[in-house]
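These notes concern the structure reproduced below.
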Amino acid sequence: MSDLQMRASDEDRERIAQQLQQAFTEGRLDQFELEERLEKALSAKVHGDLTGLVADLPATAPSVRDVVTLESTHDHIKRAGDWAVPRRIRVASKHGGVHLDFSEAVVPHQVVEVELDLKYGSAKIILPPGASADVDGYRSDWGTTTVADVSGRRQPGVLHVVITGQSKYGALTVRYPRRRWFTQS
């Protein structure tokens with residue numbers, strides 16, 4: 001018996017469903033195609049049924065660790081450009097700032113959790129257009145929290161970032177990329 005004739009598990013169906021949703025998020029599938037393929041994926045009996053649903057799509061993104069811890073005592077922590085985003089990011093910084101730019105990142109998850117532990121630094125989180133952020137779990141003792149035009153309500157098919165943690169003396173800014181002539185963000 002070939003691998004394509006092997007029975008598919010719930011985990012196999014879920015993995016393909018996530019790959020289809022990611023393709024929809026990237027604009028590779030329209031709403032009708034997504035719904036049609038999801039219905040087939042969730043009712044698939046064998047691996048052959050599943051592989052045909054994603055054969056015309058790029059291979060899934062490389063596996064990303066579920067939790068990454070970024071620590072610094074006196075330097076800034078920055079992630080920008082093409083980087084692989086884990087499901088959960090823990091950031092601890094004593095005297096430095098944090099800059100997390102998701103606008104060009106590879107984000108294989110629908111929800112990303114960012115836990116901030118800042119003493120004397122600020123954090124700037126830049127989201128791709130249309131993404132949403134929940135900052136209700138974040139607290140700043142002597143700083144501001146600014147969410148410029150970013151929706152706090154989760155939308156299906158787009159990135160949602162949940163920000164928790166605290167800062168003693170520092171601000172949190174969550175925004176979309178700026179459109180400037182000579183700078184990226």
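Naming works like this for the structure tokens: A, B, ... for the chains as they're shown, residue 1 at the start of each chain, ligands 1 onward in shown order.
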Checklist entry - Got a sec: who's within 10 Å of Val162 of chain A, counting only C-alpha atoms, leaving out chain neighbours fewer than 4 positions off, as a ChimeraX atom specification? => result /A:88,111-115,132-138,152,154
Next on the checklist: If DSSP is run on the backbone, what residues of chain A are alpha helix (DSSP H)? A reply as a VMD selection string would be ideal.
Outcome noted: chain A and resid 10 to 25 31 to 42 47 to 54
Checklist entry - Quick one: residues within 10 Å of Lys40 of chain A, only C-alpha atoms counted, chain neighbours fewer than 5 positions away excluded, as a PyMOL selection string? => result chain A and resi 13+17+34-35+45+49-50+53
Item to check | All strand (DSSP E) residues (DSSP, backbone) inside chain A, as a PyMOL selection string | outcome: chain A and resi 67-72+77-79+88-93+98-101+111-118+123-126+132-140+145-147+160-167+172-175
Next on the checklist: I'd like the contact shell of segment 94-110 of chain A - 6 Å cut-off, only C-alpha atoms, skipping same-chain residues fewer than 5 positions apart - returned as a PyMOL selection string.
Outcome noted: chain A and resi 73-85+118-128+159
Checklist entry - Residues at most 10 Å from Asp12 of chain A, counting only C-alpha atoms, excluding those fewer than 6 positions away in the same chain, as number ranges by chain? => result A: 41-42, 44, 46-47, 50
Write out, as an mmCIF file, in the first residue's frame, the residues just selected, with all heavy atoms.
```
data_model
loop_
_atom_site.group_PDB
_atom_site.id
_atom_site.type_symbol
_atom_site.label_atom_id
_atom_site.label_comp_id
_atom_site.auth_asym_id
_atom_site.auth_seq_id
_atom_site.Cartn_x
_atom_site.Cartn_y
_atom_site.Cartn_z
ATOM 1 N N ALA A 41 -10.731 18.990 2.698
ATOM 2 C CA ALA A 41 -9.661 18.613 3.624
ATOM 3 C C ALA A 41 -10.231 18.003 4.898
ATOM 4 O O ALA A 41 -9.720 16.993 5.399
ATOM 5 C CB ALA A 41 -8.800 19.824 3.963
ATOM 6 N N LEU A 42 -11.277 18.603 5.421
ATOM 7 C CA LEU A 42 -11.825 18.128 6.692
ATOM 8 C C LEU A 42 -12.600 16.818 6.550
ATOM 9 O O LEU A 42 -12.858 16.146 7.545
ATOM 10 C CB LEU A 42 -12.692 19.219 7.314
ATOM 11 C CG LEU A 42 -11.922 20.489 7.696
ATOM 12 C CD1 LEU A 42 -12.860 21.574 8.193
ATOM 13 C CD2 LEU A 42 -10.844 20.189 8.724
ATOM 14 N N ALA A 44 -11.491 14.440 4.227
ATOM 15 C CA ALA A 44 -10.574 13.522 3.539
ATOM 16 C C ALA A 44 -10.390 12.238 4.341
ATOM 17 O O ALA A 44 -10.297 12.251 5.567
ATOM 18 C CB ALA A 44 -9.228 14.196 3.315
ATOM 19 N N VAL A 46 -8.005 9.627 3.062
ATOM 20 C CA VAL A 46 -6.635 9.136 2.859
ATOM 21 C C VAL A 46 -5.699 10.291 2.500
ATOM 22 O O VAL A 46 -6.142 11.371 2.112
ATOM 23 C CB VAL A 46 -6.576 8.057 1.744
ATOM 24 C CG1 VAL A 46 -7.350 6.806 2.144
ATOM 25 C CG2 VAL A 46 -7.075 8.592 0.426
ATOM 26 N N HIS A 47 -4.401 10.053 2.631
ATOM 27 C CA HIS A 47 -3.398 11.084 2.359
ATOM 28 C C HIS A 47 -3.461 11.597 0.924
ATOM 29 O O HIS A 47 -3.191 12.775 0.673
ATOM 30 C CB HIS A 47 -1.988 10.550 2.652
ATOM 31 C CG HIS A 47 -1.667 10.492 4.096
ATOM 32 N ND1 HIS A 47 -1.177 11.559 4.789
ATOM 33 C CD2 HIS A 47 -1.791 9.484 5.004
ATOM 34 C CE1 HIS A 47 -0.995 11.224 6.051
ATOM 35 N NE2 HIS A 47 -1.367 9.966 6.206
ATOM 36 N N LEU A 50 -5.619 14.551 0.584
ATOM 37 C CA LEU A 50 -5.060 15.776 1.160
ATOM 38 C C LEU A 50 -3.972 16.393 0.288
ATOM 39 O O LEU A 50 -3.930 17.604 0.104
ATOM 40 C CB LEU A 50 -4.492 15.489 2.555
ATOM 41 C CG LEU A 50 -5.515 15.109 3.627
ATOM 42 C CD1 LEU A 50 -4.810 14.679 4.901
ATOM 43 C CD2 LEU A 50 -6.447 16.270 3.894
#
```
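One finds atom CA of Arg28 of chain A at 9.6 Å from atom CA of Pro58 of chain A.
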Checklist entry - For the atom pair atom CA of Val54 of chain A and atom CA of Pro129 of chain A, what is the interatomic distance in Å to one decimal place? => result 25.9 Å
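If you look at atom CA of Ser9 of chain A and atom CA of Gln31 of chain A, they are 25.3 Å away from each other.
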Checklist entry - Closest to Gly52 of chain A among A:Ala23, A:Leu4, A:Ile89, A:Glu33, using only C-alpha atoms? => result A:Leu4
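Ranking A:Pro86, A:Gly157, A:Gly170, A:Gly165 by their shortest atom-to-atom distance to Val68 of chain A, with only C-alpha atoms included, puts A:Pro86 first.
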Item to check | Closest of A:Val161, A:Leu57, A:Ala8, A:Arg15 to Leu29 of chain A - atom-to-atom distances counting only C-alpha atoms | outcome: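 Of A:Val161, A:Leu57, A:Ala8, A:Arg15, the one nearest Leu29 of chain A is A:Leu57, counting only C-alpha atoms.
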Checklist entry - What lies within 6 Å of Ala171 of chain A using only C-alpha atoms, ignoring chain neighbours under 5 positions off, as JSON, numbers by chain? => result {"A": [122, 143, 144, 145]}
Next on the checklist: I want to know what sits within 9 Å of Asp149 of chain A, based on only C-alpha atoms, with residues of the same chain fewer than 3 positions away left out; could you give that as a PyMOL selection string?
Outcome noted: chain A and resi 174-176
